[in-house]
$ cat work-v7.txt   # compact mmCIF, C-alpha atoms
# COMPACT_ATOMS: atom_id res chain seq x y z
CA MET R 1247 25.50 -24.17 28.23
CA THR R 1248 25.68 -22.03 31.34
CA ARG R 1249 28.04 -20.86 34.06
CA VAL R 1250 27.60 -20.04 37.73
CA THR R 1251 29.12 -17.03 39.47
CA ASP R 1252 29.96 -17.41 43.17
CA ASP R 1253 31.72 -14.52 44.92
CA CYS R 1254 33.25 -13.29 41.63
CA ASP R 1255 34.45 -16.82 40.78
CA ILE R 1256 33.04 -18.15 37.49
CA SER R 1257 32.65 -21.87 37.09
CA ALA R 1258 33.46 -23.87 34.00
CA PRO R 1259 30.66 -24.10 31.42
CA PHE R 1260 28.35 -27.09 31.79
CA PRO R 1261 25.23 -28.22 29.85
CA VAL R 1262 21.69 -27.76 31.19
CA THR R 1263 19.83 -31.02 30.64
CA ASN R 1264 16.73 -30.64 32.84
CA GLY R 1265 14.04 -27.97 32.96
CA VAL R 1266 11.49 -26.67 35.45
CA THR R 1267 8.01 -28.02 36.13
CA GLN R 1268 4.87 -26.38 34.79
CA GLY R 1269 3.53 -23.77 37.19
CA CYS R 1270 6.91 -23.05 38.75
CA VAL R 1271 7.58 -19.36 39.40
CA LEU R 1272 11.05 -19.71 37.92
CA ALA R 1273 9.55 -20.99 34.65
CA LEU R 1274 7.72 -17.69 34.08
CA THR R 1275 10.88 -15.70 34.72
CA LEU R 1276 13.01 -17.81 32.41
CA PHE R 1277 10.43 -17.74 29.63
CA SER R 1278 9.98 -13.96 29.89
CA MET R 1279 13.72 -13.44 29.64
CA THR R 1280 14.02 -15.79 26.67
CA PHE R 1281 10.97 -14.43 24.85
CA SER R 1282 12.20 -10.86 25.26
CA ALA R 1283 15.61 -11.78 23.86
CA ILE R 1284 14.25 -13.55 20.76
CA PRO R 1285 13.13 -10.36 18.87
CA THR R 1286 16.44 -8.70 19.76
CA ASP R 1287 18.34 -11.63 18.27
CA ALA R 1288 16.04 -11.87 15.23
CA PHE R 1289 16.06 -8.19 14.22
CA ARG R 1290 19.58 -7.27 15.18
CA LYS R 1291 20.64 -6.30 11.66
CA VAL R 1292 17.29 -5.26 10.19
CA THR R 1293 14.52 -3.10 11.66
CA PRO R 1294 11.33 -3.81 9.67
CA GLY R 1295 7.98 -2.46 10.78
CA ILE R 1296 5.64 0.50 10.38
CA GLN R 1297 7.07 4.01 10.36
CA ILE R 1298 5.16 6.53 12.49
CA ARG R 1299 5.64 10.30 12.36
CA TYR R 1300 4.46 12.25 15.39
CA ARG R 1301 4.98 15.36 17.46
CA CYS R 1302 4.26 16.07 21.10
CA ASP R 1303 2.85 19.59 20.84
CA GLY R 1304 -0.34 20.96 19.35
CA LYS R 1305 -3.70 19.32 18.91
CA LEU R 1306 -4.16 15.62 18.27
CA TYR R 1307 -4.86 14.39 14.71
CA ASN R 1308 -3.76 17.67 13.13
CA LEU R 1309 -2.24 16.25 9.94
CA ARG R 1310 -1.03 19.61 8.65
CA ARG R 1311 1.32 19.94 11.62
CA LEU R 1312 2.92 16.61 10.69
CA GLN R 1313 3.99 18.00 7.31
CA THR R 1314 6.48 20.37 8.85
CA LEU R 1315 10.17 19.49 8.91
CA SER R 1316 10.85 20.67 12.44
CA LYS R 1317 9.52 19.22 15.73
CA VAL R 1318 8.43 16.03 13.96
CA LYS R 1319 9.80 12.75 15.30
CA GLU R 1320 9.87 9.38 13.59
CA THR R 1321 9.90 5.88 15.02
CA VAL R 1322 9.51 2.35 13.71
CA ILE R 1323 7.19 -0.16 15.38
CA GLY R 1324 8.03 -3.68 14.31
CA ASP R 1325 6.96 -6.08 17.03
CA LEU R 1326 4.59 -5.83 19.98
CA LEU R 1327 5.06 -8.23 22.91
CA PHE R 1328 2.06 -9.34 24.97
CA ALA R 1329 3.06 -11.80 27.75
CA ASP R 1330 3.69 -15.01 25.77
CA ASP R 1331 2.43 -13.65 22.41
CA CYS R 1332 4.01 -11.43 19.79
CA ALA R 1333 2.45 -9.31 17.03
CA PHE R 1334 4.40 -8.17 13.95
CA ASN R 1335 3.64 -5.13 11.81
CA ALA R 1336 4.71 -4.40 8.26
CA THR R 1337 3.60 -2.23 5.34
CA LYS R 1338 4.35 -4.79 2.60
CA GLU R 1339 3.87 -8.53 2.31
CA HIS R 1340 7.51 -9.37 1.64
CA GLU R 1341 8.55 -7.34 4.71
CA MET R 1342 6.13 -9.35 6.84
CA GLN R 1343 7.52 -12.59 5.42
CA LEU R 1344 11.04 -11.40 6.27
CA GLU R 1345 10.01 -10.68 9.86
CA VAL R 1346 8.36 -14.07 10.27
CA ASP R 1347 11.37 -15.90 8.80
CA LYS R 1348 13.85 -14.19 11.09
CA PHE R 1349 11.63 -14.66 14.14
CA SER R 1350 11.14 -18.34 13.34
CA SER R 1351 14.89 -18.81 12.99
CA ALA R 1352 15.50 -17.11 16.33
CA CYS R 1353 12.90 -19.34 17.98
CA GLU R 1354 14.65 -22.43 16.70
CA ASN R 1355 17.90 -21.21 18.23
CA CYS R 1356 16.13 -21.20 21.62
CA SER R 1357 14.39 -24.57 21.04
CA LEU R 1358 10.98 -22.91 20.71
CA ALA R 1359 8.38 -23.45 17.98
CA ILE R 1360 5.68 -21.18 16.56
CA SER R 1361 2.16 -22.57 17.05
CA MET R 1362 0.56 -22.73 13.61
CA SER R 1363 -2.97 -23.17 15.01
CA LYS R 1364 -2.72 -20.00 17.13
CA THR R 1365 -0.90 -17.80 14.60
CA GLU R 1366 -2.97 -15.74 12.14
CA VAL R 1367 -2.29 -12.96 9.66
CA MET R 1368 -4.56 -10.06 8.75
CA HIS R 1369 -4.20 -7.50 5.95
CA GLN R 1370 -5.67 -4.06 6.60
CA PRO R 1371 -5.67 -2.15 3.30
CA ALA R 1372 -5.79 1.62 3.22
CA PRO R 1373 -9.18 3.22 2.46
CA GLY R 1374 -9.89 2.93 -1.27
CA ASN R 1375 -7.38 0.16 -1.91
CA THR R 1376 -8.43 -3.34 -2.90
CA TYR R 1377 -7.99 -6.21 -0.48
CA GLN R 1378 -5.44 -8.89 -1.33
CA GLU R 1379 -5.25 -12.00 0.80
CA PRO R 1380 -1.73 -12.30 2.22
CA ASN R 1381 0.31 -15.47 1.85
CA ILE R 1382 2.70 -15.67 4.81
CA GLN R 1383 4.46 -18.97 5.46
CA VAL R 1384 6.28 -20.44 8.45
CA ASN R 1385 8.62 -23.30 7.57
CA GLY R 1386 6.70 -23.92 4.35
CA GLN R 1387 3.22 -23.85 5.96
CA SER R 1388 0.85 -20.99 5.12
CA LEU R 1389 -0.71 -19.04 7.95
CA ASN R 1390 -4.47 -18.64 8.17
CA ALA R 1391 -5.61 -15.26 6.76
CA VAL R 1392 -8.55 -13.81 8.73
CA GLY R 1393 -10.87 -10.84 8.33
CA HIS R 1394 -10.96 -10.09 12.05
CA LEU R 1395 -9.30 -11.49 15.13
CA THR R 1396 -9.82 -11.21 18.88
CA PHE R 1397 -6.87 -10.72 21.17
CA LEU R 1398 -6.98 -9.81 24.86
CA ASP R 1399 -10.79 -9.62 24.50
CA SER R 1400 -10.51 -6.83 21.87
CA THR R 1401 -11.49 -7.37 18.23
CA LEU R 1402 -9.39 -6.05 15.35
CA SER R 1403 -11.08 -5.77 11.96
CA ARG R 1404 -9.75 -5.87 8.42
CA ALA R 1405 -11.87 -2.81 7.61
CA VAL R 1406 -9.85 -0.74 10.13
CA ASN R 1407 -12.90 0.35 12.14
CA ILE R 1408 -14.46 -0.59 15.45
CA ASN R 1409 -17.91 -1.62 14.21
CA ILE R 1410 -17.39 -5.26 15.20
CA GLU R 1411 -15.74 -4.26 18.48
CA ILE R 1412 -18.72 -2.08 19.49
CA THR R 1413 -21.16 -4.87 18.59
CA ASN R 1414 -19.19 -7.42 20.63
CA ARG R 1415 -18.89 -5.13 23.63
CA ILE R 1416 -22.65 -4.48 23.68
CA ALA R 1417 -23.38 -8.21 23.30
CA LYS R 1418 -21.10 -9.15 26.20
CA ALA R 1419 -22.48 -6.39 28.41
CA SER R 1420 -26.03 -7.47 27.52
CA ARG R 1421 -25.30 -11.06 28.54
CA SER R 1422 -23.80 -9.84 31.81
CA PHE R 1423 -26.87 -7.70 32.46
CA GLY R 1424 -29.23 -10.58 31.67
CA ARG R 1425 -27.54 -12.98 34.09
CA LEU R 1426 -28.27 -10.58 36.97
CA ARG R 1427 -31.87 -9.82 36.02
CA LYS R 1428 -33.60 -12.06 38.57
CA THR R 1429 -30.94 -11.96 41.30
CA VAL R 1430 -30.29 -8.19 41.29
CA TRP R 1431 -32.37 -5.98 38.99
CA GLU R 1432 -35.80 -7.48 39.71
CA ARG R 1433 -35.17 -8.24 43.36
CA ARG R 1434 -37.12 -5.91 45.65
CA GLY R 1435 -34.91 -6.32 48.70
CA ILE R 1436 -31.97 -4.56 47.06
CA GLN R 1437 -31.86 -0.78 47.11
CA GLN R 1438 -31.53 1.22 43.92
CA TYR R 1439 -28.18 2.62 45.06
CA THR R 1440 -26.78 -0.92 45.35
CA LYS R 1441 -28.14 -1.90 41.92
CA VAL R 1442 -26.42 1.08 40.31
CA LYS R 1443 -23.15 0.13 42.02
CA VAL R 1444 -23.43 -3.42 40.68
CA TYR R 1445 -24.16 -2.07 37.20
CA LYS R 1446 -21.04 0.11 37.26
CA ALA R 1447 -18.84 -2.70 38.57
CA VAL R 1448 -20.08 -5.54 36.35
CA VAL R 1449 -21.95 -4.37 33.24
CA LEU R 1450 -20.25 -1.05 32.53
CA THR R 1451 -16.78 -2.63 32.68
CA PHE R 1452 -17.81 -5.08 29.96
CA LEU R 1453 -19.27 -2.30 27.83
CA LEU R 1454 -16.31 0.10 27.97
CA TYR R 1455 -13.43 -2.37 28.09
CA GLY R 1456 -10.57 -0.99 26.01
CA CYS R 1457 -12.44 2.23 25.15
CA GLU R 1458 -9.23 4.23 25.61
CA THR R 1459 -8.08 3.00 22.19
CA TRP R 1460 -11.36 3.56 20.33
CA VAL R 1461 -11.87 6.09 17.58
CA ILE R 1462 -15.65 6.35 17.61
CA TYR R 1463 -18.12 8.17 15.37
CA ARG R 1464 -21.62 9.45 15.98
CA ARG R 1465 -23.22 6.09 15.13
CA HIS R 1466 -21.08 4.36 17.73
CA GLU R 1467 -22.07 6.93 20.34
CA LYS R 1468 -25.74 6.30 19.62
CA GLN R 1469 -25.31 2.53 20.02
CA LEU R 1470 -23.49 2.83 23.35
CA HIS R 1471 -25.81 5.53 24.68
CA HIS R 1472 -28.94 3.58 23.70
CA PHE R 1473 -27.77 0.44 25.51
CA HIS R 1474 -26.70 2.50 28.54
CA LEU R 1475 -30.13 4.11 28.88
CA ARG R 1476 -31.95 0.85 28.25
CA CYS R 1477 -30.16 -0.70 31.21
CA HIS R 1478 -31.02 2.33 33.35
CA ARG R 1479 -34.69 2.02 32.52
CA ASN R 1480 -34.68 -1.67 33.45
CA ILE R 1481 -32.94 -0.97 36.75
CA LEU R 1482 -35.37 1.84 37.62
CA ASN R 1483 -38.35 -0.17 36.32
CA ILE R 1484 -39.31 2.56 33.84
CA CYS R 1485 -41.50 1.46 30.92
CA TRP R 1486 -41.74 3.16 27.57
CA GLN R 1487 -45.37 4.04 28.35
CA ASP R 1488 -44.14 6.36 31.12
CA LYS R 1489 -42.67 8.69 28.48
CA THR R 1490 -39.74 9.57 30.74
CA PRO R 1491 -37.02 11.59 28.95
CA ASP R 1492 -33.46 10.35 28.94
CA THR R 1493 -32.20 13.25 31.07
CA ASP R 1494 -34.58 12.31 33.89
CA VAL R 1495 -33.46 8.67 33.69
CA ILE R 1496 -29.80 9.60 34.08
CA GLU R 1497 -30.61 12.05 36.88
CA ARG R 1498 -32.62 9.47 38.82
CA SER R 1499 -29.91 6.84 38.53
CA LYS R 1500 -27.20 9.42 39.39
CA LEU R 1501 -25.00 8.16 36.58
CA THR R 1502 -23.39 10.24 33.88
CA SER R 1503 -23.55 9.44 30.19
CA VAL R 1504 -21.02 7.02 28.68
CA ILE R 1505 -20.12 9.68 26.11
CA THR R 1506 -17.91 12.56 27.22
CA THR R 1507 -17.52 15.56 24.95
CA THR R 1508 -14.91 18.28 25.21
CA ARG R 1509 -15.32 21.70 23.63
CA SER R 1510 -12.64 24.34 23.53
CA LYS R 1511 -13.10 28.00 22.72
CA ARG R 1512 -10.63 29.85 20.56
CA LYS R 1513 -8.99 32.89 22.02
CA PRO R 1514 -9.80 36.14 20.26
CA ALA R 1515 -7.07 37.49 18.02
CA GLY R 1516 -5.06 40.41 19.25
$ encode --input "work-v7.txt" --output "C-alpha cells"
Amino acid sequence: MTRVTDDCDISAPFPVTNGVTQGCVLALTLFSMTFSAIPTDAFRKVTPGIQIRYRCDGKLYNLRRLQTLSKVKETVIGDLLFADDCAFNATKEHEMQLEVDKFSSACENCSLAISMSKTEVMHQPAPGNTYQEPNIQVNGQSLNAVGHLTFLDSTLSRAVNINIEITNRIAKASRSFGRLRKTVWERRGIQQYTKVKVYKAVVLTFLLYGCETWVIYRRHEKQLHHFHLRCHRNILNICWQDKTPDTDVIERSKLTSVITTTRSKRKPAG
C-alpha cells in the first residue's frame, strides 16, 4: 500500500500491483531503499554481532593500550551491506542462527527470498581452537559450510590468513601478464617506457587489488617481490645468466618495490 503527496495533499492509500522492468533506473533505487530497510526492521530489538574495542590515539595494534578503561570505545558490527548482498557476523553459532532467522523473516515481509545457492557460511575459529562445522539453516534448509569463499574478487579463508588470497592474486596477475607477452612485452616497436606504463595499469592492479586490507608477513612479501621482479626482468629482457642484481632491475625500469616499509625512531628520554 502506498500514498502520493501532491502540494501537501496526501491521497488515500491504494495497492501497488505492478512493478518496474529489469534494467530500469528506478528499480535500482527502490531495491536499494528496500534492502537498506530490511536489516533495520530485522534487528530493531536485538543487536547481535561482533564487539570491537578500539581507540583513535597511539600506535596501531598496541594491545596493551586497549586494556585501559579510559579512551577505549566499543562498537558492535552485525551486518555488512555490499550492493545487493549482505554479510552477517557473530561470535557464536546460535547468535548467527538468530540473525539469519530475523533477516529471513524481514525479507518475507518485503516479498524477497534468500538465495540458498548463493548463500554460504564460514566458521573462523580462534588460533588454537578446534574447527567445528556450523549448521545454519534458512527455512529448514542447511546452508553450505565452506573453508574459503571469494567475494568482490577477494578470498576469505577459514584459517584467518591471506595465504590463499596472495596465491590467487599472483595467479591472476600472471595470467594477465601472459596474455600481453606477444602483443606488448616481446614487441620491439613499443618503447620500454610504454611497457612499464602498461604493466602498472594492467598487471600491478591485479596483483595489489585489495592490499589495503592485508596483514602480510615476511613470506608474503617475498612472494609478491619475487613475482614483481620476475615481470621486470621479462619486460627488460634480462636473463638469469646476466647476473643482474634486483636493485639494478628496479632502477632500470624506474619502478619502486611493491613492499613499502616505515621505520620510526624513538625520541630520546629527557
$ residues_around --input "work-v7.txt" --residues "Leu1501 in chain R" --least-positions-apart "6" --cutoff "12 Å" --atoms "only C-alpha atoms" --output "PyMOL selection string"
chain R and resi 1439+1441-1443+1445-1446+1450+1474-1475+1477-1478+1492-1495
$ residues_around --input "work-v7.txt" --residues "Glu1320 in chain R" --least-positions-apart "4" --cutoff "8 Å" --atoms "all atoms listed in the file" --output "ChimeraX atom specification"
/R:1297-1300
$ write_last_selection --input "work-v7.txt" --atoms "C-alpha atoms" --output "CSV table (one decimal), keeping the file's coordinate frame"
chain,number,residue,atom,x,y,z
R,1297,GLN,CA,7.1,4.0,10.4
R,1298,ILE,CA,5.2,6.5,12.5
R,1299,ARG,CA,5.6,10.3,12.4
R,1300,TYR,CA,4.5,12.2,15.4
$ atom_distance --input "work-v7.txt" --atom1 "CA of Leu1453 in chain R" --atom2 "CA of Lys1428 in chain R"
20.4 Å
$ axis_aligned_box --input "work-v7.txt" --around "range 1497-1501 of chain R" --padding-each-side "3 Å" --output "lines of an AutoDock Vina configuration file"
center_x = -28.8
center_y = 9.4
center_z = 38.0
size_x = 13.6
size_y = 11.2
size_z = 8.8
$ atom_distance --input "work-v7.txt" --atom1 "CA of Asn1480 in chain R" --atom2 "CA of Thr1401 in chain R"
28.3 Å
$ residues_around --input "work-v7.txt" --residues "range 1343-1351 of chain R" --least-positions-apart "4" --cutoff "10 Å" --atoms "only C-alpha atoms" --output "PyMOL selection string"
chain R and resi 1284-1290+1292-1295+1324-1325+1334-1336+1338-1339+1355-1360+1380-1385
$ write_last_selection --input "work-v7.txt" --atoms "C-alpha atoms" --output "PDB file, in the frame of the given file"
ATOM      1  CA  ILE R1284      14.250 -13.550  20.760  1.00  0.00           C
ATOM      2  CA  PRO R1285      13.130 -10.360  18.870  1.00  0.00           C
ATOM      3  CA  THR R1286      16.440  -8.700  19.760  1.00  0.00           C
ATOM      4  CA  ASP R1287      18.340 -11.630  18.270  1.00  0.00           C
ATOM      5  CA  ALA R1288      16.040 -11.870  15.230  1.00  0.00           C
ATOM      6  CA  PHE R1289      16.060  -8.190  14.220  1.00  0.00           C
ATOM      7  CA  ARG R1290      19.580  -7.270  15.180  1.00  0.00           C
ATOM      8  CA  VAL R1292      17.290  -5.260  10.190  1.00  0.00           C
ATOM      9  CA  THR R1293      14.520  -3.100  11.660  1.00  0.00           C
ATOM     10  CA  PRO R1294      11.330  -3.810   9.670  1.00  0.00           C
ATOM     11  CA  GLY R1295       7.980  -2.460  10.780  1.00  0.00           C
ATOM     12  CA  GLY R1324       8.030  -3.680  14.310  1.00  0.00           C
ATOM     13  CA  ASP R1325       6.960  -6.080  17.030  1.00  0.00           C
ATOM     14  CA  PHE R1334       4.400  -8.170  13.950  1.00  0.00           C
ATOM     15  CA  ASN R1335       3.640  -5.130  11.810  1.00  0.00           C
ATOM     16  CA  ALA R1336       4.710  -4.400   8.260  1.00  0.00           C
ATOM     17  CA  LYS R1338       4.350  -4.790   2.600  1.00  0.00           C
ATOM     18  CA  GLU R1339       3.870  -8.530   2.310  1.00  0.00           C
ATOM     19  CA  ASN R1355      17.900 -21.210  18.230  1.00  0.00           C
ATOM     20  CA  CYS R1356      16.130 -21.200  21.620  1.00  0.00           C
ATOM     21  CA  SER R1357      14.390 -24.570  21.040  1.00  0.00           C
ATOM     22  CA  LEU R1358      10.980 -22.910  20.710  1.00  0.00           C
ATOM     23  CA  ALA R1359       8.380 -23.450  17.980  1.00  0.00           C
ATOM     24  CA  ILE R1360       5.680 -21.180  16.560  1.00  0.00           C
ATOM     25  CA  PRO R1380      -1.730 -12.300   2.220  1.00  0.00           C
ATOM     26  CA  ASN R1381       0.310 -15.470   1.850  1.00  0.00           C
ATOM     27  CA  ILE R1382       2.700 -15.670   4.810  1.00  0.00           C
ATOM     28  CA  GLN R1383       4.460 -18.970   5.460  1.00  0.00           C
ATOM     29  CA  VAL R1384       6.280 -20.440   8.450  1.00  0.00           C
ATOM     30  CA  ASN R1385       8.620 -23.300   7.570  1.00  0.00           C
TER      31      ASN R1385
END
$ decode --input "work-v7.txt" --residues "range 1424-1436 of chain R" --atoms "all heavy atoms" --output "PDB file, in the first residue's frame"
ATOM      1  N   GLY R1424      50.774 -12.885 -18.971  1.00  0.00           N
ATOM      2  CA  GLY R1424      50.977 -13.819 -20.072  1.00  0.00           C
ATOM      3  C   GLY R1424      50.161 -13.472 -21.306  1.00  0.00           C
ATOM      4  O   GLY R1424      50.607 -13.715 -22.437  1.00  0.00           O
ATOM      5  N   ARG R1425      48.970 -12.917 -21.139  1.00  0.00           N
ATOM      6  CA  ARG R1425      48.151 -12.555 -22.293  1.00  0.00           C
ATOM      7  C   ARG R1425      48.764 -11.425 -23.107  1.00  0.00           C
ATOM      8  O   ARG R1425      48.458 -11.272 -24.296  1.00  0.00           O
ATOM      9  CB  ARG R1425      46.745 -12.164 -21.826  1.00  0.00           C
ATOM     10  CG  ARG R1425      45.885 -13.348 -21.401  1.00  0.00           C
ATOM     11  CD  ARG R1425      44.428 -12.925 -21.257  1.00  0.00           C
ATOM     12  NE  ARG R1425      44.253 -11.979 -20.165  1.00  0.00           N
ATOM     13  CZ  ARG R1425      43.873 -12.319 -18.937  1.00  0.00           C
ATOM     14  NH1 ARG R1425      43.635 -13.587 -18.642  1.00  0.00           N
ATOM     15  NH2 ARG R1425      43.715 -11.400 -17.998  1.00  0.00           N
ATOM     16  N   LEU R1426      49.624 -10.622 -22.496  1.00  0.00           N
ATOM     17  CA  LEU R1426      50.248  -9.494 -23.192  1.00  0.00           C
ATOM     18  C   LEU R1426      51.684  -9.779 -23.602  1.00  0.00           C
ATOM     19  O   LEU R1426      52.389  -8.860 -24.023  1.00  0.00           O
ATOM     20  CB  LEU R1426      50.218  -8.250 -22.295  1.00  0.00           C
ATOM     21  CG  LEU R1426      48.838  -7.744 -21.868  1.00  0.00           C
ATOM     22  CD1 LEU R1426      48.978  -6.582 -20.901  1.00  0.00           C
ATOM     23  CD2 LEU R1426      48.017  -7.340 -23.073  1.00  0.00           C
ATOM     24  N   ARG R1427      52.107 -11.022 -23.520  1.00  0.00           N
ATOM     25  CA  ARG R1427      53.510 -11.337 -23.795  1.00  0.00           C
ATOM     26  C   ARG R1427      53.881 -11.023 -25.248  1.00  0.00           C
ATOM     27  O   ARG R1427      54.871 -10.332 -25.522  1.00  0.00           O
ATOM     28  CB  ARG R1427      53.785 -12.804 -23.472  1.00  0.00           C
ATOM     29  CG  ARG R1427      55.237 -13.226 -23.691  1.00  0.00           C
ATOM     30  CD  ARG R1427      55.452 -14.653 -23.255  1.00  0.00           C
ATOM     31  NE  ARG R1427      55.176 -14.812 -21.835  1.00  0.00           N
ATOM     32  CZ  ARG R1427      56.060 -14.528 -20.882  1.00  0.00           C
ATOM     33  NH1 ARG R1427      57.264 -14.076 -21.209  1.00  0.00           N
ATOM     34  NH2 ARG R1427      55.740 -14.708 -19.624  1.00  0.00           N
ATOM     35  N   LYS R1428      53.099 -11.529 -26.189  1.00  0.00           N
ATOM     36  CA  LYS R1428      53.440 -11.347 -27.608  1.00  0.00           C
ATOM     37  C   LYS R1428      53.042  -9.971 -28.129  1.00  0.00           C
ATOM     38  O   LYS R1428      53.704  -9.422 -29.005  1.00  0.00           O
ATOM     39  CB  LYS R1428      52.771 -12.430 -28.441  1.00  0.00           C
ATOM     40  CG  LYS R1428      53.292 -13.832 -28.168  1.00  0.00           C
ATOM     41  CD  LYS R1428      52.633 -14.845 -29.093  1.00  0.00           C
ATOM     42  CE  LYS R1428      53.173 -16.246 -28.842  1.00  0.00           C
ATOM     43  NZ  LYS R1428      52.545 -17.253 -29.757  1.00  0.00           N
ATOM     44  N   THR R1429      51.953  -9.417 -27.612  1.00  0.00           N
ATOM     45  CA  THR R1429      51.461  -8.141 -28.140  1.00  0.00           C
ATOM     46  C   THR R1429      52.154  -6.926 -27.530  1.00  0.00           C
ATOM     47  O   THR R1429      52.172  -5.849 -28.150  1.00  0.00           O
ATOM     48  CB  THR R1429      49.954  -8.019 -27.904  1.00  0.00           C
ATOM     49  OG1 THR R1429      49.685  -8.151 -26.499  1.00  0.00           O
ATOM     50  CG2 THR R1429      49.214  -9.109 -28.676  1.00  0.00           C
ATOM     51  N   VAL R1430      52.741  -7.069 -26.334  1.00  0.00           N
ATOM     52  CA  VAL R1430      53.342  -5.913 -25.668  1.00  0.00           C
ATOM     53  C   VAL R1430      54.783  -6.184 -25.269  1.00  0.00           C
ATOM     54  O   VAL R1430      55.714  -5.506 -25.723  1.00  0.00           O
ATOM     55  CB  VAL R1430      52.517  -5.490 -24.432  1.00  0.00           C
ATOM     56  CG1 VAL R1430      53.173  -4.301 -23.715  1.00  0.00           C
ATOM     57  CG2 VAL R1430      51.100  -5.136 -24.832  1.00  0.00           C
ATOM     58  N   TRP R1431      55.018  -7.186 -24.426  1.00  0.00           N
ATOM     59  CA  TRP R1431      56.338  -7.361 -23.822  1.00  0.00           C
ATOM     60  C   TRP R1431      57.399  -7.743 -24.845  1.00  0.00           C
ATOM     61  O   TRP R1431      58.528  -7.239 -24.791  1.00  0.00           O
ATOM     62  CB  TRP R1431      56.293  -8.409 -22.711  1.00  0.00           C
ATOM     63  CG  TRP R1431      55.106  -8.342 -21.818  1.00  0.00           C
ATOM     64  CD1 TRP R1431      54.272  -9.351 -21.484  1.00  0.00           C
ATOM     65  CD2 TRP R1431      54.615  -7.200 -21.095  1.00  0.00           C
ATOM     66  NE1 TRP R1431      53.285  -8.940 -20.624  1.00  0.00           N
ATOM     67  CE2 TRP R1431      53.474  -7.616 -20.365  1.00  0.00           C
ATOM     68  CE3 TRP R1431      55.018  -5.872 -21.013  1.00  0.00           C
ATOM     69  CZ2 TRP R1431      52.733  -6.760 -19.568  1.00  0.00           C
ATOM     70  CZ3 TRP R1431      54.279  -5.012 -20.211  1.00  0.00           C
ATOM     71  CH2 TRP R1431      53.167  -5.434 -19.504  1.00  0.00           C
ATOM     72  N   GLU R1432      57.071  -8.611 -25.791  1.00  0.00           N
ATOM     73  CA  GLU R1432      58.048  -9.074 -26.776  1.00  0.00           C
ATOM     74  C   GLU R1432      57.996  -8.289 -28.080  1.00  0.00           C
ATOM     75  O   GLU R1432      58.704  -8.641 -29.030  1.00  0.00           O
ATOM     76  CB  GLU R1432      57.829 -10.568 -27.058  1.00  0.00           C
ATOM     77  CG  GLU R1432      58.044 -11.462 -25.848  1.00  0.00           C
ATOM     78  CD  GLU R1432      57.809 -12.924 -26.164  1.00  0.00           C
ATOM     79  OE1 GLU R1432      57.394 -13.209 -27.314  1.00  0.00           O
ATOM     80  OE2 GLU R1432      58.037 -13.766 -25.272  1.00  0.00           O
ATOM     81  N   ARG R1433      57.211  -7.289 -28.149  1.00  0.00           N
ATOM     82  CA  ARG R1433      57.094  -6.492 -29.367  1.00  0.00           C
ATOM     83  C   ARG R1433      58.164  -5.395 -29.370  1.00  0.00           C
ATOM     84  O   ARG R1433      58.261  -4.604 -28.431  1.00  0.00           O
ATOM     85  CB  ARG R1433      55.711  -5.870 -29.457  1.00  0.00           C
ATOM     86  CG  ARG R1433      55.417  -5.230 -30.801  1.00  0.00           C
ATOM     87  CD  ARG R1433      53.948  -4.894 -30.912  1.00  0.00           C
ATOM     88  NE  ARG R1433      53.636  -4.293 -32.205  1.00  0.00           N
ATOM     89  CZ  ARG R1433      52.411  -3.959 -32.584  1.00  0.00           C
ATOM     90  NH1 ARG R1433      51.381  -4.181 -31.758  1.00  0.00           N
ATOM     91  NH2 ARG R1433      52.201  -3.420 -33.764  1.00  0.00           N
ATOM     92  N   ARG R1434      58.947  -5.339 -30.435  1.00  0.00           N
ATOM     93  CA  ARG R1434      60.081  -4.424 -30.480  1.00  0.00           C
ATOM     94  C   ARG R1434      59.664  -2.994 -30.784  1.00  0.00           C
ATOM     95  O   ARG R1434      60.415  -2.057 -30.505  1.00  0.00           O
ATOM     96  CB  ARG R1434      61.079  -4.898 -31.536  1.00  0.00           C
ATOM     97  CG  ARG R1434      61.678  -6.284 -31.236  1.00  0.00           C
ATOM     98  CD  ARG R1434      62.705  -6.668 -32.269  1.00  0.00           C
ATOM     99  NE  ARG R1434      63.298  -7.972 -31.957  1.00  0.00           N
ATOM    100  CZ  ARG R1434      64.250  -8.543 -32.698  1.00  0.00           C
ATOM    101  NH1 ARG R1434      64.697  -7.944 -33.811  1.00  0.00           N
ATOM    102  NH2 ARG R1434      64.727  -9.716 -32.339  1.00  0.00           N
ATOM    103  N   GLY R1435      58.526  -2.796 -31.383  1.00  0.00           N
ATOM    104  CA  GLY R1435      58.122  -1.438 -31.737  1.00  0.00           C
ATOM    105  C   GLY R1435      57.618  -0.606 -30.581  1.00  0.00           C
ATOM    106  O   GLY R1435      57.374   0.592 -30.750  1.00  0.00           O
ATOM    107  N   ILE R1436      57.457  -1.194 -29.421  1.00  0.00           N
ATOM    108  CA  ILE R1436      56.952  -0.476 -28.250  1.00  0.00           C
ATOM    109  C   ILE R1436      58.121  -0.113 -27.343  1.00  0.00           C
ATOM    110  O   ILE R1436      58.973  -0.960 -27.033  1.00  0.00           O
ATOM    111  CB  ILE R1436      55.921  -1.331 -27.488  1.00  0.00           C
ATOM    112  CG1 ILE R1436      54.756  -1.694 -28.416  1.00  0.00           C
ATOM    113  CG2 ILE R1436      55.412  -0.579 -26.269  1.00  0.00           C
ATOM    114  CD1 ILE R1436      53.716  -2.563 -27.745  1.00  0.00           C
TER     115      ILE R1436
END
